[in-house]
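Visitor: The file below is protein-v9.csv, CSV, C-alpha atoms:
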```csv
chain,number,residue,atom,x,y,z
L,1,MET,CA,-9.7,-1.0,30.6
L,2,ALA,CA,-10.3,-4.0,32.9
L,3,ALA,CA,-12.7,-6.7,31.9
L,4,SER,CA,-16.1,-6.4,33.7
L,5,ASN,CA,-17.2,-9.2,36.0
L,6,ASP,CA,-20.7,-10.7,36.3
L,7,GLY,CA,-21.6,-8.1,39.0
L,8,ASP,CA,-20.9,-5.3,36.6
L,9,TRP,CA,-23.4,-6.7,34.1
L,10,GLY,CA,-26.0,-7.2,36.8
L,11,ARG,CA,-25.6,-3.6,37.9
L,12,LEU,CA,-25.8,-2.5,34.2
L,13,GLU,CA,-29.1,-4.3,33.7
L,14,SER,CA,-30.5,-2.9,37.0
L,15,ALA,CA,-29.4,0.6,35.8
L,16,LEU,CA,-31.2,0.1,32.5
L,17,ARG,CA,-34.5,-0.8,34.3
L,18,SER,CA,-34.2,2.1,36.7
L,19,SER,CA,-33.5,4.6,33.9
L,20,LEU,CA,-36.4,3.7,31.7
L,21,ARG,CA,-38.6,6.3,33.4
L,22,LEU,CA,-35.9,8.9,32.9
L,23,LEU,CA,-35.7,7.9,29.3
L,24,ARG,CA,-39.4,8.4,28.9
L,25,ASP,CA,-39.2,12.0,30.1
L,26,ARG,CA,-36.3,12.8,27.9
L,27,TRP,CA,-37.0,11.0,24.7
L,28,ALA,CA,-40.7,10.1,24.5
L,29,ARG,CA,-42.2,13.5,24.7
L,30,GLY,CA,-45.9,13.3,25.2
L,31,PRO,CA,-46.3,9.6,25.7
L,32,ARG,CA,-49.9,9.9,26.8
L,33,GLN,CA,-50.7,11.9,23.7
L,34,ARG,CA,-49.0,9.3,21.5
L,35,GLY,CA,-50.8,6.5,23.4
L,36,GLY,CA,-54.1,8.3,22.9
L,37,GLN,CA,-53.5,8.6,19.2
L,38,ALA,CA,-52.6,5.0,19.0
L,39,ALA,CA,-55.8,4.1,20.9
L,40,ALA,CA,-57.8,6.2,18.6
L,41,ALA,CA,-56.3,4.5,15.6
L,42,ALA,CA,-57.2,1.2,17.1
L,43,THR,CA,-60.9,2.2,17.1
L,44,GLU,CA,-60.9,3.1,13.4
L,45,PRO,CA,-62.4,0.5,11.0
L,46,SER,CA,-59.9,-1.5,9.1
L,47,GLY,CA,-60.1,-3.9,6.1
L,48,SER,CA,-61.3,-7.5,6.4
L,49,GLY,CA,-58.6,-9.8,7.7
L,50,GLY,CA,-56.5,-7.1,9.2
L,51,GLU,CA,-58.7,-5.9,12.0
L,52,GLU,CA,-57.5,-8.3,14.6
L,53,ALA,CA,-53.8,-7.8,13.8
L,54,GLY,CA,-54.4,-4.0,13.9
L,55,GLU,CA,-56.0,-4.1,17.3
L,56,GLU,CA,-53.1,-6.2,18.7
L,57,VAL,CA,-50.5,-3.7,17.5
L,58,CYS,CA,-52.4,-0.7,18.8
L,59,ALA,CA,-53.0,-2.3,22.1
L,60,LEU,CA,-49.3,-2.8,22.6
L,61,GLN,CA,-48.6,0.8,21.6
L,62,THR,CA,-51.0,2.1,24.2
L,63,LEU,CA,-48.8,0.7,27.0
L,64,PRO,CA,-46.7,3.3,28.9
L,65,ILE,CA,-43.5,4.0,27.0
L,66,ASP,CA,-41.3,2.7,29.9
L,67,VAL,CA,-43.2,-0.6,29.8
L,68,GLN,CA,-42.6,-0.8,26.1
L,69,LEU,CA,-38.9,-0.2,26.5
L,70,TYR,CA,-38.7,-2.8,29.3
L,71,ILE,CA,-40.3,-5.4,27.1
L,72,MET,CA,-38.0,-4.5,24.2
L,73,SER,CA,-34.9,-5.0,26.5
L,74,PHE,CA,-35.7,-8.7,26.5
L,75,LEU,CA,-35.6,-9.0,22.7
L,76,SER,CA,-32.5,-9.8,20.8
L,77,PRO,CA,-31.1,-7.0,18.5
L,78,GLN,CA,-32.2,-9.0,15.5
L,79,ASP,CA,-35.7,-9.3,16.8
L,80,LEU,CA,-35.7,-5.6,17.6
L,81,CYS,CA,-34.8,-4.8,14.0
L,82,HIS,CA,-37.6,-7.0,12.8
L,83,LEU,CA,-40.0,-5.2,15.1
L,84,GLY,CA,-38.8,-1.9,13.7
L,85,SER,CA,-39.7,-2.9,10.2
L,86,THR,CA,-43.4,-3.4,11.0
L,87,ASN,CA,-44.5,0.2,10.9
L,88,GLN,CA,-43.3,3.8,11.4
L,89,TYR,CA,-44.1,3.9,15.2
L,90,TRP,CA,-41.9,0.9,16.0
L,91,SER,CA,-39.3,2.0,13.5
L,92,LEU,CA,-38.7,5.1,15.7
L,93,ALA,CA,-39.2,3.3,19.0
L,94,VAL,CA,-36.6,0.6,18.5
L,95,ARG,CA,-33.9,3.3,17.8
L,96,ASP,CA,-33.8,4.3,21.5
L,97,PRO,CA,-30.2,5.1,22.4
L,98,LEU,CA,-30.2,3.8,25.9
L,99,LEU,CA,-31.6,0.4,24.7
L,100,TRP,CA,-28.9,0.0,22.2
L,101,ARG,CA,-26.2,1.1,24.6
L,102,TYR,CA,-27.4,-1.6,26.9
L,103,PHE,CA,-27.2,-4.2,24.1
L,104,LEU,CA,-23.7,-3.0,23.1
L,105,LEU,CA,-22.2,-3.2,26.6
L,106,ARG,CA,-24.0,-6.5,27.3
L,107,ASP,CA,-22.9,-8.3,24.1
L,108,LEU,CA,-19.5,-7.0,23.2
L,109,PRO,CA,-17.7,-9.2,25.8
L,110,SER,CA,-18.8,-12.2,23.9
L,111,TRP,CA,-17.7,-11.0,20.4
L,112,SER,CA,-14.8,-13.0,19.1
L,113,SER,CA,-13.1,-10.4,16.8
L,114,VAL,CA,-12.9,-6.7,16.2
L,115,ASP,CA,-10.9,-4.7,13.6
L,116,TRP,CA,-9.7,-1.2,12.8
L,117,LYS,CA,-13.0,-0.4,11.1
L,118,SER,CA,-15.4,-1.7,13.8
L,119,LEU,CA,-13.8,-0.8,17.1
L,120,PRO,CA,-16.2,1.2,19.3
L,121,ASP,CA,-14.9,4.5,20.7
L,122,VAL,CA,-13.5,4.2,24.2
L,123,GLU,CA,-15.8,7.1,25.3
L,124,ILE,CA,-18.7,4.7,25.0
L,125,PHE,CA,-17.4,2.8,28.0
L,126,ASN,CA,-16.0,5.7,30.0
L,127,LYS,CA,-19.0,8.0,30.0
L,128,SER,CA,-22.4,7.1,31.6
L,129,PHE,CA,-25.6,7.9,29.7
L,130,SER,CA,-26.4,10.7,32.1
L,131,GLU,CA,-23.2,12.5,31.3
L,132,LEU,CA,-24.1,12.9,27.7
L,133,ASN,CA,-26.2,15.8,26.4
L,134,ASP,CA,-28.5,16.0,23.4
L,135,ASN,CA,-25.6,17.1,21.1
L,136,ALA,CA,-23.1,14.4,22.3
L,137,LEU,CA,-25.3,11.3,22.0
L,138,TYR,CA,-23.9,8.4,20.0
L,139,ASP,CA,-26.0,6.5,17.5
L,140,TYR,CA,-25.6,3.3,19.5
L,141,MET,CA,-27.8,1.3,17.0
L,142,THR,CA,-25.3,2.1,14.2
L,143,ILE,CA,-22.3,1.4,16.4
L,144,TYR,CA,-23.7,-2.0,17.4
L,145,LYS,CA,-24.4,-3.0,13.8
L,146,LYS,CA,-20.9,-1.8,12.8
L,147,SER,CA,-19.1,-3.6,15.6
L,148,CYS,CA,-21.0,-6.9,15.8
L,149,PRO,CA,-19.1,-9.7,14.0
L,150,GLN,CA,-22.4,-11.3,12.9
L,151,SER,CA,-23.4,-8.1,11.0
L,152,ARG,CA,-20.1,-7.3,9.4
L,153,HIS,CA,-18.0,-9.2,7.0
L,154,LEU,CA,-14.4,-9.9,8.0
L,155,LYS,CA,-13.2,-9.3,4.4
L,156,SER,CA,-10.5,-7.0,3.1
L,157,SER,CA,-11.5,-4.3,0.8
L,158,ARG,CA,-10.7,-6.3,-2.3
L,159,PRO,CA,-11.5,-4.6,-5.7
L,160,THR,CA,-14.1,-6.1,-8.0
L,161,TYR,CA,-11.4,-7.4,-10.2
L,162,GLY,CA,-9.8,-9.3,-7.4
L,163,ALA,CA,-10.7,-12.7,-8.8
L,164,VAL,CA,-9.2,-11.9,-12.2
L,165,THR,CA,-6.0,-10.6,-10.7
L,166,SER,CA,-5.7,-13.6,-8.4
L,167,PHE,CA,-6.0,-15.9,-11.4
L,168,LEU,CA,-3.4,-13.9,-13.3
L,169,GLN,CA,-1.1,-13.9,-10.3
L,170,SER,CA,-1.5,-17.6,-10.0
L,171,LEU,CA,0.1,-18.0,-13.4
L,172,VAL,CA,3.3,-16.4,-12.1
L,173,THR,CA,5.5,-18.1,-9.5
L,174,GLN,CA,5.4,-15.9,-6.4
L,175,ALA,CA,7.0,-16.2,-3.0
L,176,GLU,CA,4.6,-17.2,-0.3
L,177,PRO,CA,3.6,-14.4,2.2
L,178,ARG,CA,5.8,-14.3,5.3
L,179,PHE,CA,4.7,-13.2,8.7
L,180,ALA,CA,6.6,-12.5,11.9
L,181,LEU,CA,5.0,-14.3,14.9
L,182,PHE,CA,5.9,-12.8,18.3
L,183,GLY,CA,4.4,-11.8,21.7
L,184,PRO,CA,4.1,-12.9,25.3
L,185,GLY,CA,1.3,-15.3,24.5
L,186,LEU,CA,3.9,-17.6,22.9
L,187,GLU,CA,5.7,-18.1,26.1
L,188,GLU,CA,3.4,-17.4,29.1
L,189,LEU,CA,0.6,-19.8,28.3
L,190,ASP,CA,0.4,-23.3,29.7
L,191,GLU,CA,-0.3,-24.6,26.2
L,192,SER,CA,2.1,-23.8,23.4
L,193,LEU,CA,0.4,-22.3,20.4
L,194,VAL,CA,3.3,-23.0,18.1
L,195,ARG,CA,3.5,-26.7,19.1
L,196,ARG,CA,-0.2,-27.1,18.4
L,197,MET,CA,0.2,-25.5,15.0
L,198,MET,CA,3.0,-27.9,14.2
L,199,THR,CA,1.1,-31.0,15.3
L,200,CYS,CA,-2.5,-30.4,14.0
L,201,PRO,CA,-2.3,-31.2,10.2
L,202,GLU,CA,-6.1,-31.6,10.1
L,203,ILE,CA,-6.4,-27.9,11.0
L,204,LEU,CA,-3.3,-26.4,9.6
L,205,PRO,CA,-1.0,-28.7,7.5
L,206,VAL,CA,2.7,-28.0,7.5
L,207,ALA,CA,3.9,-27.4,3.9
L,208,GLY,CA,7.7,-27.6,4.6
L,209,LEU,CA,10.7,-25.5,5.5
L,210,PRO,CA,11.7,-22.8,2.9
L,211,GLN,CA,15.2,-22.5,1.7
L,212,ARG,CA,15.4,-18.7,2.4
L,213,GLN,CA,17.4,-18.3,5.5
L,214,ILE,CA,17.8,-15.3,7.9
L,215,HIS,CA,20.9,-15.3,9.9
L,216,GLY,CA,20.2,-16.0,13.5
L,217,ILE,CA,16.5,-16.7,12.8
L,218,GLY,CA,16.3,-19.5,10.3
L,219,SER,CA,13.8,-20.0,7.5
L,220,GLY,CA,10.6,-20.4,9.5
L,221,VAL,CA,7.9,-22.9,8.8
L,222,SER,CA,5.5,-22.9,5.8
L,223,PHE,CA,1.8,-23.8,6.4
L,224,GLN,CA,-1.0,-24.4,4.0
L,225,LEU,CA,-4.4,-22.8,4.5
L,226,ASN,CA,-7.4,-24.9,3.3
L,227,ASN,CA,-5.1,-27.1,1.2
L,228,HIS,CA,-4.5,-24.2,-1.1
L,229,GLN,CA,-2.6,-21.0,-0.1
L,230,LYS,CA,0.8,-21.4,1.4
L,231,PHE,CA,2.3,-18.9,3.9
L,232,ASN,CA,5.5,-18.7,6.0
L,233,ILE,CA,5.7,-18.1,9.7
L,234,LEU,CA,8.9,-16.8,11.3
L,235,THR,CA,8.5,-17.3,15.1
L,236,LEU,CA,10.4,-14.9,17.3
L,237,TYR,CA,10.9,-15.7,21.0
L,238,SER,CA,12.1,-13.2,23.5
L,239,THR,CA,14.9,-15.3,24.8
L,240,THR,CA,16.4,-18.9,24.5
L,241,SER,CA,14.3,-22.0,25.3
L,242,THR,CA,16.5,-22.7,28.3
L,243,GLU,CA,15.9,-19.3,29.8
L,244,ARG,CA,12.1,-19.6,29.1
L,245,LYS,CA,11.9,-23.0,30.9
L,246,ARG,CA,13.8,-21.7,33.9
L,247,ALA,CA,11.5,-18.7,34.1
L,248,ARG,CA,8.4,-20.9,34.0
L,249,THR,CA,9.9,-23.2,36.7
L,250,GLU,CA,10.9,-20.3,39.0
L,251,GLN,CA,7.9,-18.2,38.0
L,252,THR,CA,10.1,-15.2,37.1
L,253,VAL,CA,10.0,-12.7,34.3
L,254,THR,CA,12.6,-13.1,31.5
L,255,VAL,CA,14.3,-10.1,29.9
L,256,ASN,CA,13.1,-9.7,26.3
L,257,LYS,CA,16.2,-9.8,24.2
L,258,MET,CA,14.4,-9.0,21.0
L,259,PHE,CA,14.4,-5.3,21.9
L,260,TYR,CA,16.7,-2.7,23.4
L,261,GLN,CA,15.3,0.3,25.2
L,262,GLU,CA,15.9,4.0,24.5
L,263,ASN,CA,14.5,6.6,26.8
L,264,SER,CA,13.2,9.8,25.3
L,265,ILE,CA,11.8,12.9,26.9
L,266,GLY,CA,8.4,14.1,25.6
L,267,GLY,CA,7.0,17.1,27.3
L,268,ASN,CA,7.0,16.6,31.1
L,269,GLN,CA,6.9,12.8,30.8
L,270,GLN,CA,9.6,10.2,30.0
L,271,ALA,CA,8.4,7.9,27.2
L,272,VAL,CA,9.8,4.5,26.6
L,273,HIS,CA,11.0,3.7,23.1
L,274,TYR,CA,12.3,0.3,21.8
L,275,ASN,CA,14.4,-0.7,18.9
L,276,VAL,CA,14.8,-4.2,17.6
L,277,ILE,CA,18.1,-6.1,17.5
L,278,ALA,CA,19.9,-6.7,14.2
L,279,GLN,CA,18.5,-10.2,13.6
L,280,VAL,CA,14.9,-9.2,14.2
L,281,LYS,CA,15.4,-6.1,12.1
L,282,LYS,CA,16.2,-8.3,9.1
L,283,VAL,CA,12.9,-10.2,9.7
L,284,CYS,CA,10.9,-6.9,9.9
L,285,GLU,CA,12.4,-5.8,6.6
L,286,VAL,CA,11.2,-8.9,4.6
L,287,VAL,CA,7.9,-9.9,6.1
L,288,ASP,CA,4.5,-9.0,4.7
L,289,GLY,CA,2.7,-8.7,8.0
L,290,PHE,CA,2.9,-9.2,11.7
L,291,ILE,CA,1.1,-11.7,14.0
L,292,TYR,CA,1.2,-10.7,17.7
L,293,VAL,CA,0.1,-13.3,20.3
L,294,ALA,CA,-1.3,-11.5,23.3
L,295,ASN,CA,-2.0,-13.3,26.6
L,296,ALA,CA,-5.7,-12.8,27.1
L,297,GLU,CA,-6.1,-14.7,30.4
L,298,ALA,CA,-7.8,-12.4,32.8
L,299,HIS,CA,-6.3,-13.7,36.0
L,300,LYS,CA,-2.7,-12.8,34.9
L,301,LYS,CA,-1.0,-9.4,35.1
L,302,HIS,CA,-0.1,-7.7,31.9
L,303,ASP,CA,2.0,-4.6,31.0
L,304,ARG,CA,0.0,-3.5,27.9
L,305,GLN,CA,1.9,-0.2,27.6
L,306,ASP,CA,5.2,-2.1,27.3
L,307,GLU,CA,3.5,-4.5,24.8
L,308,PHE,CA,2.3,-1.6,22.7
L,309,ALA,CA,5.9,-0.2,22.6
L,310,HIS,CA,7.2,-3.6,21.4
L,311,ILE,CA,4.5,-3.6,18.6
L,312,LEU,CA,5.6,-0.1,17.5
L,313,ALA,CA,9.2,-1.2,17.3
L,314,MET,CA,8.3,-4.1,15.1
L,315,ILE,CA,6.2,-2.1,12.7
L,316,ASP,CA,8.5,0.8,12.5
L,317,PRO,CA,8.0,2.3,9.0
L,318,THR,CA,11.7,2.7,8.5
L,319,LEU,CA,12.0,-1.1,8.4
L,320,GLY,CA,9.5,-1.7,5.6
L,321,PRO,CA,6.2,-0.6,4.1
L,322,PRO,CA,4.0,1.3,6.6
L,323,ASN,CA,0.7,-0.4,5.7
L,324,ARG,CA,1.6,-4.0,6.5
L,325,PRO,CA,-1.3,-5.6,8.4
L,326,VAL,CA,-1.2,-6.6,12.1
L,327,LEU,CA,-3.1,-9.6,13.4
L,328,VAL,CA,-3.4,-9.8,17.2
L,329,LEU,CA,-4.3,-13.3,18.4
L,330,SER,CA,-5.9,-12.7,21.8
L,331,CYS,CA,-5.0,-16.1,23.2
L,332,THR,CA,-5.8,-18.3,26.2
L,333,SER,CA,-4.5,-21.8,27.0
L,334,GLN,CA,-7.8,-23.6,27.3
L,335,VAL,CA,-11.4,-23.1,26.4
L,336,GLY,CA,-12.7,-22.7,30.0
L,337,ILE,CA,-10.3,-20.0,31.1
L,338,LYS,CA,-11.8,-16.5,31.6
L,339,ARG,CA,-10.5,-14.2,28.9
L,340,ILE,CA,-10.2,-10.5,28.3
L,341,PRO,CA,-12.8,-9.6,25.6
L,342,CYS,CA,-11.2,-8.7,22.3
L,343,VAL,CA,-12.7,-5.2,22.3
L,344,TYR,CA,-11.0,-4.5,25.6
L,345,MET,CA,-7.8,-6.0,24.3
L,346,ALA,CA,-7.8,-3.7,21.4
L,347,HIS,CA,-8.1,-0.7,23.6
L,348,GLN,CA,-5.6,-1.9,26.1
L,349,LEU,CA,-3.0,-2.3,23.4
L,350,GLN,CA,-4.0,1.1,21.9
L,351,LEU,CA,-4.4,-0.4,18.5
L,352,ASN,CA,-6.6,2.5,17.4
L,353,LEU,CA,-3.4,4.5,17.3
L,354,LEU,CA,-1.9,2.4,14.5
L,355,SER,CA,-2.1,3.6,10.9
L,356,GLN,CA,-2.2,0.2,9.2
L,357,PRO,CA,-5.0,-2.4,9.1
L,358,TRP,CA,-5.3,-4.6,12.2
L,359,MET,CA,-7.6,-7.2,13.7
L,360,VAL,CA,-7.9,-8.8,17.1
L,361,GLN,CA,-9.1,-12.4,17.0
L,362,ASP,CA,-10.0,-14.6,20.0
L,363,THR,CA,-7.9,-17.8,19.9
L,364,VAL,CA,-7.5,-20.9,22.1
L,365,ALA,CA,-4.1,-22.5,22.0
L,366,ALA,CA,-5.3,-26.0,22.9
L,367,THR,CA,-7.9,-26.2,20.1
L,368,LEU,CA,-6.6,-23.5,17.7
L,369,SER,CA,-10.1,-22.2,17.5
L,370,GLY,CA,-10.1,-18.7,15.9
L,371,LEU,CA,-6.7,-19.2,14.4
L,372,LEU,CA,-7.9,-19.9,10.8
L,373,ASN,CA,-10.2,-16.9,10.9
L,374,GLY,CA,-7.2,-14.7,11.7
L,375,ILE,CA,-5.0,-16.2,9.1
L,376,GLU,CA,-7.6,-15.8,6.4
L,377,TRP,CA,-8.0,-12.1,7.3
L,378,ILE,CA,-4.3,-11.3,7.2
L,379,LEU,CA,-3.8,-13.2,3.9
L,380,GLY,CA,-6.7,-11.3,2.5
L,381,GLU,CA,-5.2,-8.0,3.5
L,382,VAL,CA,-1.8,-9.0,1.9
L,383,GLU,CA,-3.6,-10.1,-1.3
L,384,CYS,CA,-5.5,-6.8,-1.4
L,385,LYS,CA,-2.3,-4.8,-0.9
L,386,ASN,CA,-0.5,-6.7,-3.7
L,387,ALA,CA,-3.4,-6.2,-6.1
L,388,GLN,CA,-3.4,-2.4,-5.7
```
Please lay out the structure from this file as structure tokens.
Guide:
Amino acid sequence: MAASNDGDWGRLESALRSSLRLLRDRWARGPRQRGGQAAAAATEPSGSGGEEAGEEVCALQTLPIDVQLYIMSFLSPQDLCHLGSTNQYWSLAVRDPLLWRYFLLRDLPSWSSVDWKSLPDVEIFNKSFSELNDNALYDYMTIYKKSCPQSRHLKSSRPTYGAVTSFLQSLVTQAEPRFALFGPGLEELDESLVRRMMTCPEILPVAGLPQRQIHGIGSGVSFQLNNHQKFNILTLYSTTSTERKRARTEQTVTVNKMFYQENSIGGNQQAVHYNVIAQVKKVCEVVDGFIYVANAEAHKKHDRQDEFAHILAMIDPTLGPPNRPVLVLSCTSQVGIKRIPCVYMAHQLQLNLLSQPWMVQDTVAATLSGLLNGIEWILGEVECKNAQ
């Protein structure tokens, strides 16, 4: 799914306004009758102190339904929910599906994270409102609330006894969690994410180099989150540093030496399947989770199908527990670069096909913004898994 440009959102807003009258005929049956009832209610006597407020509400309700919806389209979703809490009439009016579909498509490009619990279905983007029938409508209000980062908590499903188990576990010396860091965003961006991680102690202090070695890979680097929890990162590059530098200078594509390809025939199509080399296999066998760095810069070309095949090779259940979490850092070099929204990134990488917990987090290599949110999430998932 390609990221929409500004013209797309302008056309969407225009489509919303032009469809309000259609919405009135389809959803607001008998608007004149309802308006007449509201007007009649406005003429009924009310208690002292509430008459003026009652007249104001009823006057707004007597407006044509398409005008009401047009006004509501300028409200924020939070204000719309507040309006719906005033009385029964507005409680029903603010649930209009076209209105919330407009909010969803308008706001989701600005959301900074999405996970396996909150990813909207791809049909929401592919089907226009006119293609849906009464039995196939989505509850867009519920989808919006479920998907919006501000209304959901990016916490793992920790049990109520998590604090107790964490305390008891702290009394026992445990190996720090280990994560495999890989992906094209490590090599294609103008700003090195790993270099920034190593040189920003005020954001992510380096805790040292562990003694545990993996042949051909090394021990990785340990970091400390919030001056408390330590974790180990094993960085996996697709090729040598010399070859990466040559490819950047000549603007060519390097051959990824972490994987070797196997072709398999499925039905009438030829599917591409990858396996990891021996050294990477040893990493996959010992890590607690995976951090995939995706190139989210919209102006560059990406082979997401090939990337998905690489992710599948790394999380192969024959190499370790099948429920290890996957964190995708949707990364750009600088703040001002136009990015692919994280919701689109999740669909492009087909993360909905994974069986384990995953999250996509917008990240900027130059500032490391978003990185700590992603690290906190994956550490929480590992802790939750260990506590079970």
Visitor: Considering all atoms listed in the file, can you say which of L:Pro201, L:Gly220, L:Gly320, L:Pro177 comes closest to Glu383 in chain L?
Guide: L:Pro177
Visitor: Quick one: of L:Ser241, L:Lys281, L:Pro184, L:Val255, who's nearest to Asp303 in chain L, counting all atoms listed in the file?
Guide: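 Answer, going by the shortest atom-to-atom distance: L:Pro184.
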Visitor: Can you list, as a ChimeraX atom specification, every protein, DNA or RNA residue that comes within 12 Å of Ala309 in chain L when you count only C-alpha atoms, leaving out same-chain residues fewer than 2 positions away?
Guide: /L:183,259-263,271-276,303-307,311-316,349-351,353-354
Visitor: For a test of reading the model, state the distance in Å between CA of Ser85 in chain L and CA of Gln68 in chain L, rounded to one decimal.
Guide: 16.3 Å
Visitor: I'd like the interatomic distance between CA of Thr242 in chain L and CA of Ala296 in chain L, to a tenth of an Å.
Guide: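 That distance, rounded to one decimal, is 24.3 Å.
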Visitor: Find the residue from L:Leu234, L:Leu119, L:Val280, L:Leu368 that sits nearest to Leu193 in chain L; use all atoms listed in the file when measuring.
Guide: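 When distances to Leu193 in chain L are compared using all atoms listed in the file, the smallest one comes from L:Leu368.
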Visitor: Could you please determine the separation between CA of Ile337 in chain L and CA of Phe125 in chain L in Å, to one decimal place?
Guide: 24.1 Å
Visitor: From the set L:Gly84, L:Leu69, L:Val364, L:Tyr144, which residue has the shortest atom-to-atom contact distance to Arg101 in chain L, counting only C-alpha atoms?
Guide: L:Tyr144
Visitor: So that I can check the surroundings of Met345 in chain L, please list as a compact mmCIF listing (two decimals) with C-alpha atoms, in the frame of the given file every protein, DNA and RNA residue that reaches within 12 Å of it, counting all atoms listed in the file and ignoring chain neighbours fewer than 5 positions away.
Guide:
```txt
# COMPACT_ATOMS: atom_id res chain seq x y z
CA MET L 1 -9.70 -1.00 30.60
CA ALA L 2 -10.30 -4.00 32.90
CA ALA L 3 -12.70 -6.70 31.90
CA LEU L 108 -19.50 -7.00 23.20
CA PRO L 109 -17.70 -9.20 25.80
CA TRP L 111 -17.70 -11.00 20.40
CA SER L 112 -14.80 -13.00 19.10
CA SER L 113 -13.10 -10.40 16.80
CA VAL L 114 -12.90 -6.70 16.20
CA ASP L 115 -10.90 -4.70 13.60
CA LEU L 119 -13.80 -0.80 17.10
CA VAL L 122 -13.50 4.20 24.20
CA VAL L 293 0.10 -13.30 20.30
CA ALA L 294 -1.30 -11.50 23.30
CA ASN L 295 -2.00 -13.30 26.60
CA ALA L 296 -5.70 -12.80 27.10
CA GLU L 297 -6.10 -14.70 30.40
CA ALA L 298 -7.80 -12.40 32.80
CA HIS L 302 -0.10 -7.70 31.90
CA ASP L 303 2.00 -4.60 31.00
CA ARG L 304 0.00 -3.50 27.90
CA GLN L 305 1.90 -0.20 27.60
CA GLU L 307 3.50 -4.50 24.80
CA PHE L 308 2.30 -1.60 22.70
CA VAL L 328 -3.40 -9.80 17.20
CA LEU L 329 -4.30 -13.30 18.40
CA SER L 330 -5.90 -12.70 21.80
CA CYS L 331 -5.00 -16.10 23.20
CA ARG L 339 -10.50 -14.20 28.90
CA ILE L 340 -10.20 -10.50 28.30
CA GLN L 350 -4.00 1.10 21.90
CA LEU L 351 -4.40 -0.40 18.50
CA ASN L 352 -6.60 2.50 17.40
CA MET L 359 -7.60 -7.20 13.70
CA VAL L 360 -7.90 -8.80 17.10
CA GLN L 361 -9.10 -12.40 17.00
CA ASP L 362 -10.00 -14.60 20.00
```
